[in-house]
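A quick write-up on the structure given underneath.
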Amino acid sequence: MYQLLKQIIVTGIKTEVPPVADEALRVIAQRLEKAMLDTLGRALVIRQIDAGSCNGCELEIHALGNAYYNLEGLGIRFAASPRHADLLLVTGPVAKNMEVALKRAYDATPEPKLVVAVGECGCGGGIFGESYASCGRVANVIPVDVAVPGCPPTPLALMQGILTAIGGK
């Protein structure tokens, strides 16, 4: 114990320099919050649906909840049921097995409903395209309001896509 305390005293406090504020993130977050309140008059609820993706887009969507992006702090939250959602965030090419489930989730979402297709696969089918096992892009199954390309798209691009979707209606 003595050795450890001695090492702490000799070494001193070693910390990293705090990061500089990201002005682009701050601007998008402010615009997102304003558009959400102007359009809906309340918090935005998102239902994320994996229609057959590789989970790359899901990792970036999960990053939206961390302390850096903090979507929850803006009043945006994720719901487990499409019945409570305002926006469907759909990732991946729509697998044939997910086609009916995606249509049901879309039908269960109350009006006004928004759909954001995420990633190269959700926007255009990606490397999978249309085949015996895949319906291809999300727009082949349900109407899409905004497409966020990228493989995977960055959290900032996802925030911009959500902003575009709620600002457009």
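Chains: A, B, ... in order of the structure tokens. Residues: from 1 per chain. Ligands: from 1, in order shown.
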Using only C-alpha atoms, determine which residues lie at most 10 Å from A:Leu158, disregarding the query and same-chain residues fewer than 4 positions distant; provide the list as a PyMOL selection string.
chain A and resi 57+60-61+64+89+116-119+147-150+152-154+162-164
Helix (DSSP H, G or I) residues, from DSSP on the backbone, in stretch 48-89 of chain A, as JSON, numbers by chain
{"A": [56, 57, 58, 59, 60, 61, 62, 63, 71, 72, 73, 74, 82, 83, 84]}
Same residues, N, CA and C atoms, saved as a PDB file, in the first residue's frame:
```pdb
ATOM      1  N   GLY A  56     -23.753  -2.744 -38.417  1.00  0.00           N
ATOM      2  CA  GLY A  56     -22.852  -1.586 -38.447  1.00  0.00           C
ATOM      3  C   GLY A  56     -23.616  -0.302 -38.179  1.00  0.00           C
ATOM      4  N   CYS A  57     -24.775  -0.166 -38.792  1.00  0.00           N
ATOM      5  CA  CYS A  57     -25.602   1.030 -38.596  1.00  0.00           C
ATOM      6  C   CYS A  57     -26.144   1.085 -37.171  1.00  0.00           C
ATOM      7  N   GLU A  58     -26.443  -0.070 -36.598  1.00  0.00           N
ATOM      8  CA  GLU A  58     -26.967  -0.106 -35.234  1.00  0.00           C
ATOM      9  C   GLU A  58     -25.934   0.412 -34.242  1.00  0.00           C
ATOM     10  N   LEU A  59     -24.662   0.112 -34.482  1.00  0.00           N
ATOM     11  CA  LEU A  59     -23.609   0.611 -33.594  1.00  0.00           C
ATOM     12  C   LEU A  59     -23.568   2.136 -33.609  1.00  0.00           C
ATOM     13  N   GLU A  60     -23.743   2.724 -34.781  1.00  0.00           N
ATOM     14  CA  GLU A  60     -23.751   4.178 -34.878  1.00  0.00           C
ATOM     15  C   GLU A  60     -25.021   4.768 -34.259  1.00  0.00           C
ATOM     16  N   ILE A  61     -26.137   4.059 -34.379  1.00  0.00           N
ATOM     17  CA  ILE A  61     -27.380   4.516 -33.756  1.00  0.00           C
ATOM     18  C   ILE A  61     -27.250   4.463 -32.235  1.00  0.00           C
ATOM     19  N   HIS A  62     -26.608   3.415 -31.726  1.00  0.00           N
ATOM     20  CA  HIS A  62     -26.391   3.319 -30.279  1.00  0.00           C
ATOM     21  C   HIS A  62     -25.486   4.447 -29.790  1.00  0.00           C
ATOM     22  N   ALA A  63     -24.568   4.899 -30.640  1.00  0.00           N
ATOM     23  CA  ALA A  63     -23.677   6.003 -30.259  1.00  0.00           C
ATOM     24  C   ALA A  63     -24.458   7.295 -30.035  1.00  0.00           C
ATOM     25  N   LEU A  71     -28.771  12.287 -27.475  1.00  0.00           N
ATOM     26  CA  LEU A  71     -30.103  12.535 -28.034  1.00  0.00           C
ATOM     27  C   LEU A  71     -31.173  12.612 -26.950  1.00  0.00           C
ATOM     28  N   GLU A  72     -30.997  11.836 -25.906  1.00  0.00           N
ATOM     29  CA  GLU A  72     -31.969  11.836 -24.808  1.00  0.00           C
ATOM     30  C   GLU A  72     -32.058  13.221 -24.162  1.00  0.00           C
ATOM     31  N   GLY A  73     -30.935  13.923 -24.115  1.00  0.00           N
ATOM     32  CA  GLY A  73     -30.917  15.267 -23.555  1.00  0.00           C
ATOM     33  C   GLY A  73     -31.707  16.260 -24.390  1.00  0.00           C
ATOM     34  N   LEU A  74     -31.886  15.963 -25.681  1.00  0.00           N
ATOM     35  CA  LEU A  74     -32.679  16.830 -26.556  1.00  0.00           C
ATOM     36  C   LEU A  74     -34.164  16.492 -26.473  1.00  0.00           C
ATOM     37  N   PRO A  82     -43.812   0.334 -32.148  1.00  0.00           N
ATOM     38  CA  PRO A  82     -44.109   1.343 -33.173  1.00  0.00           C
ATOM     39  C   PRO A  82     -45.383   2.122 -32.861  1.00  0.00           C
ATOM     40  N   ARG A  83     -46.228   1.606 -31.989  1.00  0.00           N
ATOM     41  CA  ARG A  83     -47.463   2.308 -31.619  1.00  0.00           C
ATOM     42  C   ARG A  83     -47.187   3.591 -30.841  1.00  0.00           C
ATOM     43  N   HIS A  84     -45.999   3.687 -30.250  1.00  0.00           N
ATOM     44  CA  HIS A  84     -45.630   4.872 -29.489  1.00  0.00           C
ATOM     45  C   HIS A  84     -44.673   5.770 -30.254  1.00  0.00           C
TER      46      HIS A  84
END
```
Near-stretch 43-46 of chain A list (8 Å; only C-alpha atoms; drop same-chain fewer than 2 positions) as a PyMOL selection string
chain A and resi 36-37+40-41+48+75-79+84-89
Could you check which of A:Met1, A:Arg31, A:Ser53, A:Ser81 is closest to A:Ala108, using only C-alpha atoms?
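The closest residue to A:Ala108 is A:Ser81.
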Using only C-alpha atoms, which protein or nucleic acid residues come within 9 Å of A:Ile49? Drop anything in the same chain fewer than 5 positions from it, and give the result as a list in words.
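That gives Leu88, Leu89, Val90, Thr91, Gly92, Leu102 and Ala105 of chain A.
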If we count only C-alpha atoms, what is near A:Lys103 at a cut-off of 12 Å, once residues fewer than 4 positions away on the same chain are taken out, given as a PDB file with C-alpha atoms, in the first residue's frame?
```
ATOM      1  CA  ILE A  49     -36.044  -1.494 -36.913  1.00  0.00           C
ATOM      2  CA  ALA A  51     -34.667  -5.213 -41.358  1.00  0.00           C
ATOM      3  CA  PRO A  82     -44.109   1.343 -33.173  1.00  0.00           C
ATOM      4  CA  LEU A  88     -39.203   4.679 -37.902  1.00  0.00           C
ATOM      5  CA  VAL A  90     -34.915   1.381 -40.597  1.00  0.00           C
ATOM      6  CA  VAL A  94     -35.244  -5.682 -46.126  1.00  0.00           C
ATOM      7  CA  LYS A  96     -37.911 -11.422 -47.193  1.00  0.00           C
ATOM      8  CA  ASN A  97     -38.512 -12.679 -43.653  1.00  0.00           C
ATOM      9  CA  MET A  98     -38.792  -9.080 -42.377  1.00  0.00           C
ATOM     10  CA  GLU A  99     -41.045  -7.725 -45.138  1.00  0.00           C
ATOM     11  CA  ASP A 107     -49.091   0.390 -40.254  1.00  0.00           C
ATOM     12  CA  ALA A 108     -48.982   0.415 -36.433  1.00  0.00           C
ATOM     13  CA  THR A 109     -47.158   3.769 -36.311  1.00  0.00           C
ATOM     14  CA  VAL A 115     -39.518   6.900 -42.091  1.00  0.00           C
ATOM     15  CA  VAL A 138     -36.521   0.019 -47.630  1.00  0.00           C
ATOM     16  CA  ALA A 139     -38.439   2.125 -50.192  1.00  0.00           C
ATOM     17  CA  ASN A 140     -39.373  -1.093 -52.021  1.00  0.00           C
ATOM     18  CA  VAL A 141     -41.501  -2.095 -49.010  1.00  0.00           C
ATOM     19  CA  ILE A 142     -42.696   1.117 -47.286  1.00  0.00           C
ATOM     20  CA  PRO A 143     -42.612   4.835 -48.204  1.00  0.00           C
TER      21      PRO A 143
END
```
Using only C-alpha atoms, the residue out of A:Gln7, A:Ala165, A:Lys34, A:Leu156 with shortest distance to A:Asn70 is A:Leu156
What's the separation between atom CA of A:Cys123 and atom CA of A:Val144, in Å to one decimal place?
9.1 Å
Going by DSSP on the backbone, which residues of stretch 13-166 of chain A come out as strand (DSSP E)? List them as a PDB file with N, CA and C atoms, in the first residue's frame.
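What landed in result_19.pdb:
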```
ATOM      1  N   VAL A  45     -40.252  10.451 -30.583  1.00  0.00           N
ATOM      2  CA  VAL A  45     -40.060   9.047 -30.197  1.00  0.00           C
ATOM      3  C   VAL A  45     -39.712   8.262 -31.458  1.00  0.00           C
ATOM      4  N   ILE A  46     -38.613   7.527 -31.386  1.00  0.00           N
ATOM      5  CA  ILE A  46     -38.099   6.782 -32.538  1.00  0.00           C
ATOM      6  C   ILE A  46     -38.209   5.284 -32.268  1.00  0.00           C
ATOM      7  N   ARG A  47     -38.627   4.548 -33.275  1.00  0.00           N
ATOM      8  CA  ARG A  47     -38.593   3.080 -33.235  1.00  0.00           C
ATOM      9  C   ARG A  47     -37.574   2.649 -34.265  1.00  0.00           C
ATOM     10  N   GLN A  48     -36.490   2.025 -33.812  1.00  0.00           N
ATOM     11  CA  GLN A  48     -35.453   1.556 -34.710  1.00  0.00           C
ATOM     12  C   GLN A  48     -35.772   0.125 -35.109  1.00  0.00           C
ATOM     13  N   ILE A  49     -35.737  -0.155 -36.409  1.00  0.00           N
ATOM     14  CA  ILE A  49     -36.044  -1.494 -36.913  1.00  0.00           C
ATOM     15  C   ILE A  49     -34.860  -2.002 -37.735  1.00  0.00           C
ATOM     16  N   ASP A  50     -34.345  -3.152 -37.356  1.00  0.00           N
ATOM     17  CA  ASP A  50     -33.296  -3.825 -38.108  1.00  0.00           C
ATOM     18  C   ASP A  50     -33.989  -4.775 -39.077  1.00  0.00           C
ATOM     19  N   ARG A  77     -36.213  10.083 -27.724  1.00  0.00           N
ATOM     20  CA  ARG A  77     -36.003   8.786 -27.089  1.00  0.00           C
ATOM     21  C   ARG A  77     -36.427   7.669 -28.033  1.00  0.00           C
ATOM     22  N   PHE A  78     -35.979   6.467 -27.706  1.00  0.00           N
ATOM     23  CA  PHE A  78     -36.310   5.296 -28.501  1.00  0.00           C
ATOM     24  C   PHE A  78     -37.396   4.507 -27.793  1.00  0.00           C
ATOM     25  N   LEU A  87     -41.337   8.251 -35.549  1.00  0.00           N
ATOM     26  CA  LEU A  87     -40.389   8.070 -36.635  1.00  0.00           C
ATOM     27  C   LEU A  87     -39.857   6.641 -36.606  1.00  0.00           C
ATOM     28  N   LEU A  88     -39.812   6.003 -37.766  1.00  0.00           N
ATOM     29  CA  LEU A  88     -39.203   4.679 -37.902  1.00  0.00           C
ATOM     30  C   LEU A  88     -37.819   4.857 -38.508  1.00  0.00           C
ATOM     31  N   LEU A  89     -36.815   4.328 -37.842  1.00  0.00           N
ATOM     32  CA  LEU A  89     -35.435   4.384 -38.302  1.00  0.00           C
ATOM     33  C   LEU A  89     -35.084   2.972 -38.747  1.00  0.00           C
ATOM     34  N   VAL A  90     -35.047   2.737 -40.062  1.00  0.00           N
ATOM     35  CA  VAL A  90     -34.915   1.381 -40.597  1.00  0.00           C
ATOM     36  C   VAL A  90     -33.529   1.178 -41.186  1.00  0.00           C
ATOM     37  N   THR A  91     -32.871   0.093 -40.758  1.00  0.00           N
ATOM     38  CA  THR A  91     -31.532  -0.213 -41.244  1.00  0.00           C
ATOM     39  C   THR A  91     -31.540  -1.522 -42.025  1.00  0.00           C
ATOM     40  N   VAL A  94     -34.114  -4.979 -46.737  1.00  0.00           N
ATOM     41  CA  VAL A  94     -35.244  -5.682 -46.126  1.00  0.00           C
ATOM     42  C   VAL A  94     -35.210  -7.150 -46.547  1.00  0.00           C
ATOM     43  N   ALA A  95     -34.948  -8.004 -45.570  1.00  0.00           N
ATOM     44  CA  ALA A  95     -34.958  -9.443 -45.824  1.00  0.00           C
ATOM     45  C   ALA A  95     -36.397  -9.883 -46.079  1.00  0.00           C
ATOM     46  N   LEU A 114     -43.067   9.242 -39.868  1.00  0.00           N
ATOM     47  CA  LEU A 114     -41.894   9.516 -40.687  1.00  0.00           C
ATOM     48  C   LEU A 114     -41.055   8.252 -40.777  1.00  0.00           C
ATOM     49  N   VAL A 115     -40.390   8.064 -41.911  1.00  0.00           N
ATOM     50  CA  VAL A 115     -39.518   6.900 -42.091  1.00  0.00           C
ATOM     51  C   VAL A 115     -38.168   7.394 -42.592  1.00  0.00           C
ATOM     52  N   VAL A 116     -37.112   6.968 -41.910  1.00  0.00           N
ATOM     53  CA  VAL A 116     -35.752   7.286 -42.318  1.00  0.00           C
ATOM     54  C   VAL A 116     -35.043   5.975 -42.627  1.00  0.00           C
ATOM     55  N   ALA A 117     -34.577   5.826 -43.870  1.00  0.00           N
ATOM     56  CA  ALA A 117     -33.798   4.654 -44.274  1.00  0.00           C
ATOM     57  C   ALA A 117     -32.331   4.961 -43.989  1.00  0.00           C
ATOM     58  N   VAL A 118     -31.656   4.036 -43.320  1.00  0.00           N
ATOM     59  CA  VAL A 118     -30.287   4.274 -42.864  1.00  0.00           C
ATOM     60  C   VAL A 118     -29.314   3.329 -43.554  1.00  0.00           C
ATOM     61  N   SER A 134     -33.888 -11.158 -50.413  1.00  0.00           N
ATOM     62  CA  SER A 134     -33.886  -9.743 -50.040  1.00  0.00           C
ATOM     63  C   SER A 134     -34.822  -8.941 -50.939  1.00  0.00           C
ATOM     64  N   CYS A 135     -35.585  -8.056 -50.306  1.00  0.00           N
ATOM     65  CA  CYS A 135     -36.452  -7.142 -51.072  1.00  0.00           C
ATOM     66  C   CYS A 135     -35.682  -5.918 -51.544  1.00  0.00           C
ATOM     67  N   GLY A 136     -34.435  -5.772 -51.083  1.00  0.00           N
ATOM     68  CA  GLY A 136     -33.622  -4.621 -51.449  1.00  0.00           C
ATOM     69  C   GLY A 136     -33.837  -3.462 -50.497  1.00  0.00           C
ATOM     70  N   VAL A 146     -36.786  10.146 -45.762  1.00  0.00           N
ATOM     71  CA  VAL A 146     -35.394  10.594 -45.838  1.00  0.00           C
ATOM     72  C   VAL A 146     -34.488   9.372 -45.903  1.00  0.00           C
ATOM     73  N   ALA A 147     -33.448   9.468 -46.728  1.00  0.00           N
ATOM     74  CA  ALA A 147     -32.440   8.411 -46.816  1.00  0.00           C
ATOM     75  C   ALA A 147     -31.118   8.968 -46.304  1.00  0.00           C
ATOM     76  N   VAL A 148     -30.466   8.230 -45.408  1.00  0.00           N
ATOM     77  CA  VAL A 148     -29.173   8.638 -44.852  1.00  0.00           C
ATOM     78  C   VAL A 148     -28.133   7.637 -45.347  1.00  0.00           C
TER      79      VAL A 148
END
```
